[in-house]
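Visitor: model11.cif is reproduced below (mmCIF, C-alpha atoms and all ligand atoms).
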```cif
data_query
#
loop_
_atom_site.label_atom_id
_atom_site.label_comp_id
_atom_site.auth_asym_id
_atom_site.auth_seq_id
_atom_site.Cartn_x
_atom_site.Cartn_y
_atom_site.Cartn_z
CA MET A 1 72.78 128.87 36.49
CA THR A 2 70.02 130.49 34.46
CA ASP A 3 70.25 130.89 30.67
CA THR A 4 69.69 134.63 30.69
CA ALA A 5 71.44 137.01 33.08
CA PRO A 6 69.07 139.24 35.10
CA ALA A 7 68.56 142.71 33.58
CA ARG A 8 70.98 145.27 34.99
CA ILE A 9 69.36 148.01 37.12
CA THR A 10 69.61 151.42 35.40
CA ILE A 11 69.63 154.96 36.73
CA GLY A 12 66.67 155.71 34.44
CA GLN A 13 64.65 152.96 36.12
CA LEU A 14 65.43 154.44 39.53
CA HIS A 15 64.43 157.97 38.45
CA ASP A 16 61.21 156.53 37.10
CA VAL A 17 60.44 154.84 40.44
CA ALA A 18 61.52 157.89 42.47
CA ARG A 19 59.17 160.17 40.55
CA GLY A 20 56.33 157.68 40.27
CA TYR A 21 54.22 159.90 42.50
CA VAL A 22 54.37 162.71 39.89
CA LYS A 23 52.63 160.45 37.39
CA THR A 24 49.96 159.64 39.96
CA ALA A 25 49.40 163.36 40.59
CA LEU A 26 49.26 164.08 36.85
CA LEU A 27 46.57 161.53 36.10
CA ARG A 28 44.59 162.34 39.21
CA THR A 29 44.57 166.06 38.35
CA ALA A 30 43.72 165.55 34.68
CA LEU A 31 40.78 163.32 35.61
CA GLU A 32 39.57 165.71 38.28
CA LEU A 33 39.64 168.61 35.79
CA ARG A 34 37.92 166.41 33.16
CA LEU A 35 40.63 167.36 30.63
CA PHE A 36 40.03 164.21 28.58
CA ASP A 37 36.32 165.13 28.20
CA LEU A 38 37.31 168.53 26.79
CA LEU A 39 39.81 166.99 24.36
CA ALA A 40 37.05 164.60 23.25
CA ASP A 41 34.93 167.71 22.50
CA GLN A 42 37.81 169.10 20.37
CA VAL A 43 38.63 171.78 22.96
CA ASN A 44 42.36 171.37 22.57
CA ASP A 45 44.37 174.51 23.24
CA PRO A 46 45.59 175.31 26.76
CA LYS A 47 44.03 178.79 26.85
CA THR A 48 40.50 177.66 25.99
CA ILE A 49 40.77 174.64 28.27
CA ALA A 50 42.02 176.86 31.12
CA GLY A 51 39.00 179.16 30.62
CA LYS A 52 36.59 176.24 30.76
CA VAL A 53 38.01 174.63 33.90
CA GLY A 54 38.88 177.83 35.76
CA ALA A 55 42.64 177.24 35.73
CA ASP A 56 45.76 179.04 34.59
CA PRO A 57 46.78 178.53 30.88
CA ARG A 58 50.45 177.97 31.76
CA GLY A 59 49.44 175.38 34.36
CA ILE A 60 47.25 173.58 31.82
CA ARG A 61 50.01 173.64 29.17
CA ILE A 62 52.50 172.12 31.59
CA LEU A 63 49.95 169.51 32.69
CA LEU A 64 49.15 168.52 29.08
CA ASP A 65 52.83 168.28 28.14
CA GLY A 66 53.36 166.05 31.17
CA LEU A 67 50.46 163.84 30.06
CA ALA A 68 51.97 163.69 26.55
CA GLY A 69 55.31 162.79 28.15
CA ILE A 70 53.84 159.73 29.85
CA GLY A 71 51.86 158.67 26.78
CA LEU A 72 48.35 159.62 27.91
CA VAL A 73 47.63 162.34 25.27
CA SER A 74 49.21 163.43 21.99
CA SER A 75 50.82 166.87 21.96
CA GLY A 76 49.70 167.16 18.32
CA GLY A 77 52.96 168.67 17.03
CA GLY A 78 51.53 172.22 17.14
CA ASP A 79 47.99 171.34 15.98
CA GLY A 80 46.59 171.14 19.47
CA TYR A 81 46.55 168.35 22.02
CA ALA A 82 44.50 165.26 21.20
CA LEU A 83 43.26 162.02 22.70
CA LEU A 84 45.05 158.78 21.93
CA PRO A 85 43.27 155.53 20.92
CA GLY A 86 41.53 153.92 23.90
CA SER A 87 40.88 157.23 25.68
CA GLU A 88 37.17 157.39 24.78
CA ASP A 89 36.66 154.10 26.61
CA LEU A 90 38.98 154.64 29.59
CA LEU A 91 39.60 158.34 30.20
CA VAL A 92 36.50 160.18 28.98
CA SER A 93 33.86 160.21 31.74
CA THR A 94 31.18 158.65 29.51
CA GLY A 95 33.45 155.74 28.53
CA ALA A 96 32.30 152.18 29.24
CA HIS A 97 35.41 151.49 31.33
CA TYR A 98 36.03 155.00 32.71
CA PHE A 99 39.05 154.90 35.00
CA GLY A 100 38.21 158.05 36.97
CA ASN A 101 36.28 156.14 39.60
CA ALA A 102 39.04 153.56 40.10
CA MET A 103 41.52 156.41 40.42
CA LYS A 104 39.50 157.91 43.28
CA LEU A 105 40.16 154.68 45.18
CA SER A 106 43.68 153.71 44.02
CA ALA A 107 45.00 157.22 44.51
CA SER A 108 42.74 158.43 47.30
CA ASP A 109 44.15 160.95 49.79
CA TRP A 110 43.84 158.28 52.45
CA GLU A 111 45.85 155.66 50.56
CA TRP A 112 48.44 158.19 49.44
CA ASP A 113 48.96 159.47 52.97
CA ALA A 114 49.10 155.93 54.34
CA GLN A 115 51.96 155.03 51.94
CA LYS A 116 53.98 157.92 53.37
CA ASN A 117 54.07 155.85 56.58
CA LEU A 118 55.35 152.72 54.85
CA ILE A 119 58.64 152.79 56.75
CA ASP A 120 56.78 152.86 60.09
CA ALA A 121 54.48 150.06 58.94
CA VAL A 122 57.53 148.00 57.91
CA ARG A 123 59.15 148.57 61.32
CA HIS A 124 55.94 147.80 63.16
CA GLY A 125 54.78 144.95 60.92
CA GLY A 126 51.38 146.55 60.23
CA THR A 127 49.43 149.78 60.13
CA VAL A 128 50.46 152.61 62.42
CA THR A 129 47.60 154.96 61.55
CA GLU A 130 44.91 155.63 64.10
CA THR A 131 42.17 155.14 61.49
CA HIS A 132 42.63 152.25 59.10
CA ALA A 133 40.78 149.74 56.95
CA LEU A 134 39.36 147.89 59.95
CA THR A 135 38.15 150.93 61.87
CA PRO A 136 34.37 150.61 62.37
CA GLN A 137 32.45 152.72 59.83
CA PHE A 138 35.67 153.93 58.18
CA ASP A 139 34.53 156.56 55.64
CA PHE A 140 36.89 155.35 52.88
CA TRP A 141 34.56 152.34 52.50
CA GLU A 142 31.70 154.70 51.59
CA ASP A 143 33.82 155.96 48.67
CA PHE A 144 34.78 152.40 47.82
CA ALA A 145 31.12 151.39 47.62
CA GLU A 146 30.26 154.50 45.61
CA HIS A 147 33.08 154.41 43.08
CA THR A 148 33.83 150.75 42.44
CA SER A 149 32.97 150.12 38.78
CA TRP A 150 30.71 147.30 39.68
CA PHE A 151 29.03 146.85 36.32
CA ASN A 152 32.37 145.83 34.81
CA ASN A 153 33.45 143.47 37.51
CA GLY A 154 34.56 140.22 35.88
CA ALA A 155 34.73 138.38 39.21
CA ALA A 156 31.05 139.07 40.03
CA ASP A 157 30.05 137.64 36.63
CA LEU A 158 32.32 134.65 37.14
CA MET A 159 30.75 133.96 40.53
CA ALA A 160 27.21 134.23 39.12
CA GLU A 161 28.09 131.91 36.21
CA GLN A 162 29.36 129.28 38.64
CA LEU A 163 26.56 129.55 41.20
CA VAL A 164 23.45 129.86 39.02
CA PRO A 165 23.47 126.25 37.64
CA TRP A 166 24.12 124.91 41.16
CA ALA A 167 21.34 127.05 42.67
CA ALA A 168 18.83 125.67 40.15
CA TYR A 169 18.69 122.43 42.20
CA ARG A 170 18.06 124.19 45.54
CA ASP A 171 14.62 124.50 47.11
CA THR A 172 15.49 128.03 48.24
CA VAL A 173 18.21 130.47 47.25
CA GLU A 174 18.93 132.50 50.39
CA VAL A 175 22.21 134.42 50.09
CA LEU A 176 24.30 136.30 52.63
CA ASP A 177 26.89 138.72 51.18
CA VAL A 178 29.32 139.50 54.04
CA ALA A 179 31.05 142.91 53.81
CA CYS A 180 28.94 143.50 50.71
CA SER A 181 29.91 147.16 50.07
CA HIS A 182 28.40 148.19 46.66
CA GLY A 183 26.55 144.84 46.59
CA SER A 184 27.67 143.85 43.10
CA TYR A 185 28.38 140.19 43.88
CA GLY A 186 24.97 139.48 45.37
CA PHE A 187 23.16 141.68 42.85
CA SER A 188 24.87 140.17 39.78
CA PHE A 189 23.78 136.77 41.04
CA ALA A 190 20.23 137.94 41.86
CA ARG A 191 19.80 139.37 38.34
CA ARG A 192 20.47 135.88 36.92
CA GLU A 193 18.65 133.81 39.56
CA PRO A 194 15.14 135.24 40.07
CA ARG A 195 14.51 133.15 43.21
CA ALA A 196 17.57 134.58 44.99
CA ARG A 197 17.02 136.68 48.11
CA ILE A 198 20.08 138.63 49.20
CA THR A 199 21.04 139.75 52.70
CA GLY A 200 23.87 142.28 52.61
CA LEU A 201 26.02 142.80 55.72
CA ASP A 202 28.32 145.81 56.18
CA TRP A 203 28.71 148.90 58.35
CA PRO A 204 25.54 151.07 58.41
CA ASN A 205 27.17 154.04 56.59
CA VAL A 206 28.21 151.75 53.71
CA LEU A 207 24.80 150.08 53.47
CA GLU A 208 23.24 153.41 52.50
CA VAL A 209 25.13 153.14 49.20
CA THR A 210 24.23 149.43 48.83
CA ALA A 211 20.54 150.23 49.30
CA ARG A 212 20.69 152.89 46.56
CA ASN A 213 22.33 150.39 44.20
CA ALA A 214 19.66 147.77 44.94
CA GLU A 215 16.96 150.31 44.16
CA ARG A 216 18.66 151.38 40.94
CA LEU A 217 18.66 147.74 39.81
CA GLY A 218 15.01 147.17 40.81
CA LEU A 219 16.06 144.59 43.41
CA SER A 220 14.95 146.33 46.62
CA ASP A 221 12.14 143.83 47.28
CA ARG A 222 14.61 140.91 47.24
CA VAL A 223 17.30 142.55 49.37
CA GLU A 224 17.65 142.93 53.14
CA PHE A 225 20.43 144.28 55.27
CA ILE A 226 22.31 143.50 58.47
CA ALA A 227 24.20 146.53 59.74
CA GLY A 228 27.16 145.79 61.99
CA ASP A 229 30.42 144.00 62.60
CA MET A 230 30.86 140.73 60.72
CA PHE A 231 32.82 139.31 63.69
CA THR A 232 30.09 139.89 66.28
CA THR A 233 26.69 140.74 64.73
CA PRO A 234 24.25 137.79 64.52
CA LEU A 235 24.38 136.57 60.91
CA GLY A 236 20.81 135.25 60.67
CA GLY A 237 20.17 132.46 58.21
CA PRO A 238 21.06 129.71 57.62
CA TYR A 239 21.76 130.50 53.98
CA ASP A 240 22.20 128.41 50.86
CA ILE A 241 25.13 130.59 49.80
CA VAL A 242 27.42 132.92 51.74
CA MET A 243 29.61 135.29 49.71
CA LEU A 244 32.80 136.76 51.14
CA THR A 245 34.65 138.78 48.55
CA ASN A 246 37.88 140.74 48.81
CA VAL A 247 37.85 140.60 52.59
CA LEU A 248 40.22 137.88 53.83
CA HIS A 249 43.38 139.74 52.72
CA HIS A 250 42.64 142.26 55.49
CA PHE A 251 43.54 139.61 58.06
CA SER A 252 46.22 137.13 59.04
CA GLU A 253 45.52 133.49 58.22
CA GLU A 254 44.49 132.89 61.86
CA ARG A 255 42.02 135.76 62.05
CA ALA A 256 40.62 135.01 58.58
CA THR A 257 40.07 131.38 59.62
CA GLU A 258 38.23 132.58 62.73
CA LEU A 259 35.90 134.61 60.52
CA LEU A 260 35.35 131.64 58.19
CA LYS A 261 34.50 129.40 61.17
CA ARG A 262 31.90 131.92 62.31
CA ILE A 263 30.47 132.16 58.80
CA ARG A 264 30.26 128.35 58.43
CA THR A 265 27.62 128.29 61.17
CA ALA A 266 25.39 130.47 58.97
CA VAL A 267 25.66 128.16 55.91
CA LYS A 268 23.07 125.38 55.53
CA PRO A 269 24.53 121.86 55.57
CA GLY A 270 25.13 121.18 51.85
CA GLY A 271 25.27 124.93 51.18
CA ARG A 272 28.18 126.83 49.67
CA ILE A 273 30.64 129.56 50.50
CA ALA A 274 31.92 131.70 47.61
CA VAL A 275 35.13 133.61 48.30
CA VAL A 276 36.90 136.03 45.96
CA GLY A 277 40.39 137.36 46.50
CA HIS A 278 43.63 138.68 45.08
CA THR A 279 45.96 135.72 45.16
CA PHE A 280 49.01 133.97 43.71
CA ASP A 281 49.84 130.32 43.26
CA GLU A 282 52.88 128.16 43.80
CA HIS A 283 54.30 128.93 40.33
CA ASP A 284 54.21 132.69 40.87
CA THR A 285 57.06 134.89 42.07
CA PRO A 286 57.05 138.66 42.61
CA GLU A 287 58.95 138.95 39.32
CA THR A 288 56.51 136.90 37.24
CA ASN A 289 53.29 138.17 38.86
CA PRO A 290 54.02 141.42 40.76
CA LEU A 291 50.47 142.64 41.45
CA PRO A 292 49.52 140.35 44.36
CA TYR A 293 52.83 141.10 46.06
CA MET A 294 52.40 144.86 45.52
CA PHE A 295 48.92 144.54 46.99
CA SER A 296 50.44 143.22 50.23
CA LEU A 297 52.18 146.60 50.59
CA ILE A 298 48.78 148.26 50.61
CA MET A 299 47.57 145.83 53.26
CA LEU A 300 50.74 146.42 55.29
CA VAL A 301 50.00 150.13 55.67
CA GLN A 302 46.23 149.78 55.96
CA THR A 303 45.71 146.82 58.28
CA PRO A 304 47.26 145.34 61.44
CA ASP A 305 48.14 141.96 59.90
CA GLY A 306 46.64 141.61 56.40
CA GLU A 307 48.36 140.51 53.20
CA THR A 308 47.64 138.74 49.92
CA HIS A 309 47.05 135.04 50.61
CA SER A 310 48.15 132.26 48.25
CA VAL A 311 45.74 129.75 46.72
CA ALA A 312 47.12 127.12 49.11
CA THR A 313 46.41 129.42 52.07
CA TYR A 314 42.81 129.96 50.92
CA GLN A 315 42.37 126.20 50.73
CA ARG A 316 43.95 125.68 54.15
CA MET A 317 41.77 128.39 55.76
CA LEU A 318 38.54 127.06 54.24
CA GLU A 319 39.32 123.48 55.25
CA ALA A 320 40.37 124.51 58.77
CA ALA A 321 37.01 126.26 59.07
CA GLY A 322 35.18 123.03 58.20
CA PHE A 323 34.44 123.50 54.47
CA THR A 324 35.09 120.75 51.92
CA ASP A 325 35.10 120.32 48.12
CA PHE A 326 37.44 123.26 47.55
CA GLN A 327 37.38 124.56 43.96
CA THR A 328 39.17 127.48 42.31
CA HIS A 329 37.96 129.35 39.23
CA SER A 330 39.44 132.17 37.20
CA GLY A 331 38.02 133.90 34.17
CA GLU A 332 39.52 135.88 31.33
CA LYS A 333 37.95 139.12 32.52
CA ALA A 334 38.17 138.43 36.28
CA MET A 335 41.17 140.02 37.95
CA HIS A 336 40.70 137.95 41.09
CA ARG A 337 40.27 134.25 41.75
CA LEU A 338 36.99 132.65 42.88
CA PHE A 339 37.06 129.90 45.51
CA LEU A 340 34.03 127.72 46.17
CA ALA A 341 33.61 125.24 48.99
CA GLU A 342 30.78 123.42 50.76
CA ARG A 343 29.60 122.98 54.27
CA PRO A 344 29.27 119.19 54.34
CA ALA A 345 25.71 117.88 54.47
CA GLU A 346 26.82 115.72 57.37
CA GLU A 347 29.57 116.92 59.65
CA PRO A 348 31.89 114.84 61.84
CA GLY A 349 30.18 113.96 65.11
CA GLN A 350 26.70 114.29 63.58
CA ALA A 351 24.61 111.16 63.84
CA ALA A 352 23.34 109.94 60.47
CA GLY A 353 19.58 109.50 59.95
C1 LIG B 401 37.56 145.69 50.22
S1 LIG B 401 35.91 145.99 50.65
C2 LIG B 401 35.18 144.58 49.87
C3 LIG B 401 33.82 144.89 49.40
C4 LIG B 401 33.15 143.89 48.46
N1 LIG B 401 32.86 142.64 49.14
C5 LIG B 401 33.99 143.68 47.22
O1 LIG B 401 34.36 142.53 46.94
O2 LIG B 401 34.26 144.65 46.51
C6 LIG B 401 35.80 145.63 52.35
C7 LIG B 401 34.41 145.86 52.94
O3 LIG B 401 34.44 145.30 54.26
C8 LIG B 401 33.67 146.12 55.11
N2 LIG B 401 34.11 145.82 56.48
C9 LIG B 401 35.35 145.94 57.00
N3 LIG B 401 35.38 145.50 58.28
C10 LIG B 401 34.11 145.10 58.57
C11 LIG B 401 33.50 144.54 59.73
N4 LIG B 401 34.22 144.29 60.83
N5 LIG B 401 32.19 144.24 59.68
C12 LIG B 401 31.46 144.49 58.57
N6 LIG B 401 32.00 145.01 57.41
C13 LIG B 401 33.30 145.30 57.43
C14 LIG B 401 33.99 147.52 54.63
O4 LIG B 401 33.02 148.45 55.07
C15 LIG B 401 34.02 147.30 53.12
O5 LIG B 401 32.76 147.53 52.57
#
```
Please render this file's structure as structure tokens.

Guide:
Amino acid sequence: MTDTAPARITIGQLHDVARGYVKTALLRTALELRLFDLLADQVNDPKTIAGKVGADPRGIRILLDGLAGIGLVSSGGGDGYALLPGSEDLLVSTGAHYFGNAMKLSASDWEWDAQKNLIDAVRHGGTVTETHALTPQFDFWEDFAEHTSWFNNGAADLMAEQLVPWAAYRDTVEVLDVACSHGSYGFSFARREPRARITGLDWPNVLEVTARNAERLGLSDRVEFIAGDMFTTPLGGPYDIVMLTNVLHHFSEERATELLKRIRTAVKPGGRIAVVGHTFDEHDTPETNPLPYMFSLIMLVQTPDGETHSVATYQRMLEAAGFTDFQTHSGEKAMHRLFLAERPAEEPGQAAG
């Protein structure tokens, strides 16, 4: 018996879940119309706002009241709508942690439509859509590369902090970033380790965005690309470090291990693999840490057999692929866990000396 009885389910809670999609639509629309930017400029009555964004005043009034209803603006009690504390940072497009880009990904048309098929994905045990996250050159990944807020990515900083002191003792610092997308993991590291040379691998349409990011950061002369499929394209190398971030949840444990085995052959003996992923550990339950379990729902509709893997699964996969010295790291700002492991300097079956 537990000390406290579980909370009783309420009808209000169910209404809130049932209409969750209305909140998504509200925020998406307000961000698309840049309503928070106008409120920041003290444009705060529905008629003037409607004129500025080319919308209907009644529509804007209803939208603003809805936003006030879910606690994202103040209705001002007759003095005009106003921003709430925190908005300048998160909801105004010039804010340091502007959420508009994240919203384009979290509430993209593609993801929204895919969730409508959840029942089919549950019946089937995986995606039922013709085009999905693993489709070669899937255009959603172009948006992902473009809109990920990569300057504020705690996990990329965490990875760089862990790898830079280790890299100082290497003769060379050759890095492969597999499924690199925007490139932030390799680039954050390269900005701190001047000897680092980064090879980014992804589909060719995505690498166009990566190349622009490298140029913007003045790193183009230290960055190269391999365009193609990470399961079949020659990986080049060997490398001192291979990065593989936010990728393994797209696959079952078996398929992810296959990829890790392939990648191990491109790591120098004594070199490292750095993996980042959503995860949960043995103390977590869906009640105490819902996000990783909710993320599996996204993988269920978007991939044939992906899901969030536990810390123990990451360790098992890396060890089955021939890596040793498994470490996990998490940081205050990093939403995801970092796993580091080594390709042993001497592998079983290798003659010493
Ligand atoms: C979730 S994103 C992760 C991007 C980045 N590593 C990060 O941590 O944000 C997945 C990336 O994998 C790439 N991708 C998916 N399947 C691939 C494949 N078979 N070969 C190469 N890249 C692939 C996608 O284009 C996308 O850029």

Visitor: Show me the residues close to (31.5, 137.8, 44.0) - anything with an atom within 12 Å, counting all atoms listed in the file - and format the list as a PyMOL selection string.

Guide: chain A and resi 150+153-163+175-190+241-247+273-277+329-330+334-340

Visitor: Would you put the residues from that selection into a file with C-alpha atoms, as a short mmCIF file (atom, residue, chain, number, x, y, z; two decimals), keeping the file's coordinate frame?

Guide:
```cif
data_model
loop_
_atom_site.label_atom_id
_atom_site.label_comp_id
_atom_site.auth_asym_id
_atom_site.auth_seq_id
_atom_site.Cartn_x
_atom_site.Cartn_y
_atom_site.Cartn_z
CA TRP A 150 30.71 147.30 39.68
CA ASN A 153 33.45 143.47 37.51
CA GLY A 154 34.56 140.22 35.88
CA ALA A 155 34.73 138.38 39.21
CA ALA A 156 31.05 139.07 40.03
CA ASP A 157 30.05 137.64 36.63
CA LEU A 158 32.32 134.65 37.14
CA MET A 159 30.75 133.96 40.53
CA ALA A 160 27.21 134.23 39.12
CA GLU A 161 28.09 131.91 36.21
CA GLN A 162 29.36 129.28 38.64
CA LEU A 163 26.56 129.55 41.20
CA VAL A 175 22.21 134.42 50.09
CA LEU A 176 24.30 136.30 52.63
CA ASP A 177 26.89 138.72 51.18
CA VAL A 178 29.32 139.50 54.04
CA ALA A 179 31.05 142.91 53.81
CA CYS A 180 28.94 143.50 50.71
CA SER A 181 29.91 147.16 50.07
CA HIS A 182 28.40 148.19 46.66
CA GLY A 183 26.55 144.84 46.59
CA SER A 184 27.67 143.85 43.10
CA TYR A 185 28.38 140.19 43.88
CA GLY A 186 24.97 139.48 45.37
CA PHE A 187 23.16 141.68 42.85
CA SER A 188 24.87 140.17 39.78
CA PHE A 189 23.78 136.77 41.04
CA ALA A 190 20.23 137.94 41.86
CA ILE A 241 25.13 130.59 49.80
CA VAL A 242 27.42 132.92 51.74
CA MET A 243 29.61 135.29 49.71
CA LEU A 244 32.80 136.76 51.14
CA THR A 245 34.65 138.78 48.55
CA ASN A 246 37.88 140.74 48.81
CA VAL A 247 37.85 140.60 52.59
CA ILE A 273 30.64 129.56 50.50
CA ALA A 274 31.92 131.70 47.61
CA VAL A 275 35.13 133.61 48.30
CA VAL A 276 36.90 136.03 45.96
CA GLY A 277 40.39 137.36 46.50
CA HIS A 329 37.96 129.35 39.23
CA SER A 330 39.44 132.17 37.20
CA ALA A 334 38.17 138.43 36.28
CA MET A 335 41.17 140.02 37.95
CA HIS A 336 40.70 137.95 41.09
CA ARG A 337 40.27 134.25 41.75
CA LEU A 338 36.99 132.65 42.88
CA PHE A 339 37.06 129.90 45.51
CA LEU A 340 34.03 127.72 46.17
#
```

Visitor: Which residues are near Asn117 (chain A)? Cut-off 10 Å, only C-alpha atoms, ignore same chain within fewer than 4 positions. Put them as a PyMOL selection string.

Guide: chain A and resi 112-113+121-122+127-129+301-302

Visitor: Nearest residue to Pro344 (chain A) out of A:Leu201, A:Ala50, A:Val17, A:Val267, using all atoms listed in the file?

Guide: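 Distance minimum relative to Pro344 (chain A) lands on A:Val267.
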
Visitor: One number please: CA of Arg222 (chain A) to CA of Arg192 (chain A), in Å, one decimal.

Guide: 12.9 Å

Visitor: With all atoms listed in the file as the atoms that count, which of A:Glu342, A:Glu254, A:Asp229, A:Asp284 lies nearest to ligand LIG 401 (chain B)?

Guide: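 Between A:Glu342, A:Glu254, A:Asp229, A:Asp284, the residue approaching ligand LIG 401 (chain B) most closely is A:Asp229.
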
Visitor: I'd like to know which of A:Ala211, A:Ala227, A:Ala341, A:Ala168 is closest to ligand LIG 401 (chain B), using only C-alpha atoms and all ligand atoms.

Guide: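 Of all the options, A:Ala227 lies closest to ligand LIG 401 (chain B).
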
Visitor: Which of these, A:Leu134, A:Met103, A:Ala5, A:Ile60, has the shortest distance to Asp305 (chain A) once you count only C-alpha atoms?

Guide: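 So, comparing all the options, the nearest one is A:Leu134.
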
Visitor: What does the structure give for the distance between CA of Gln13 (chain A) and CA of Gly71 (chain A), in Å to one decimal?

Guide: 16.8 Å

Visitor: Produce the centre coordinates and the three edge lengths, each in Å to one decimal, of the box along x, y and z that contains all listed atoms of ligand LIG 401 (chain B) with 5 Å added on each side, as JSON.

Guide:
```
{"center_x": 34.5, "center_y": 145.5, "center_z": 53.7, "size_x": 16.1, "size_y": 15.9, "size_z": 24.3}
```

Visitor: Report as a ChimeraX atom specification all protein, DNA and RNA residues lying within 12 Å of Ala55 (chain A), evaluated on all atoms listed in the file, omitting residues in the same chain fewer than 4 positions from it.

Guide: /A:29-30,33,35,46-51,59-63

Visitor: Keeping C-alpha atoms, export the residues of the selection given above as a PDB file, in the frame of the given file.

Guide:
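That gives us part.pdb:
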```pdb
ATOM      1  CA  THR A  29      44.570 166.060  38.350  1.00  0.00           C
ATOM      2  CA  ALA A  30      43.720 165.550  34.680  1.00  0.00           C
ATOM      3  CA  LEU A  33      39.640 168.610  35.790  1.00  0.00           C
ATOM      4  CA  LEU A  35      40.630 167.360  30.630  1.00  0.00           C
ATOM      5  CA  PRO A  46      45.590 175.310  26.760  1.00  0.00           C
ATOM      6  CA  LYS A  47      44.030 178.790  26.850  1.00  0.00           C
ATOM      7  CA  THR A  48      40.500 177.660  25.990  1.00  0.00           C
ATOM      8  CA  ILE A  49      40.770 174.640  28.270  1.00  0.00           C
ATOM      9  CA  ALA A  50      42.020 176.860  31.120  1.00  0.00           C
ATOM     10  CA  GLY A  51      39.000 179.160  30.620  1.00  0.00           C
ATOM     11  CA  GLY A  59      49.440 175.380  34.360  1.00  0.00           C
ATOM     12  CA  ILE A  60      47.250 173.580  31.820  1.00  0.00           C
ATOM     13  CA  ARG A  61      50.010 173.640  29.170  1.00  0.00           C
ATOM     14  CA  ILE A  62      52.500 172.120  31.590  1.00  0.00           C
ATOM     15  CA  LEU A  63      49.950 169.510  32.690  1.00  0.00           C
TER      16      LEU A  63
END
```

Visitor: My list of candidates is A:Met294, A:Ala18, A:Ala345, A:Leu259. Which is closest to Ala321 (chain A) when distances are computed with all atoms listed in the file?

Guide: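 Between A:Met294, A:Ala18, A:Ala345, A:Leu259, the residue approaching Ala321 (chain A) most closely is A:Leu259.
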
Visitor: By how many Å are CA of Arg123 (chain A) and CA of Leu300 (chain A) apart?

Guide: 10.6 Å

Visitor: Could you check which of A:Arg272, A:Lys261, A:His15, A:His250 is closest to ligand LIG 401 (chain B), using only C-alpha atoms and all ligand atoms?

Guide: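 Of A:Arg272, A:Lys261, A:His15, A:His250, the one nearest ligand LIG 401 (chain B) is A:His250, counting only C-alpha atoms and all ligand atoms.
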
Visitor: For region 85-95 of chain A, list every protein, DNA or RNA residue within 10 Å, evaluated using only C-alpha atoms, and leave out those in the same chain fewer than 3 positions away; present the list as a list in words.

Guide: Leu27, Ala30, Leu31, Arg34, Leu35, Phe36, Asp37, Leu38, Leu39, Ala40, Leu72, Val73, Ser74, Ala82, Tyr98, Phe99, Gly100 and Asn101 of chain A

Visitor: Could you check which residues have any atom within 10 Å of (26.6, 149.7, 47.9), counting only C-alpha atoms with coordinates taken straight from the file, and then list them as a ChimeraX atom specification?

Guide: /A:141-148,150,180-184,200,202,205-214

Visitor: Can you list, as a list in words, every protein, DNA or RNA residue that comes within 10 Å of Arg191 (chain A) when you count only C-alpha atoms, leaving out same-chain residues fewer than 6 positions away?

Guide: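 Residues meeting the cut-off are Ala160, Leu217, Gly218 and Leu219 of chain A.
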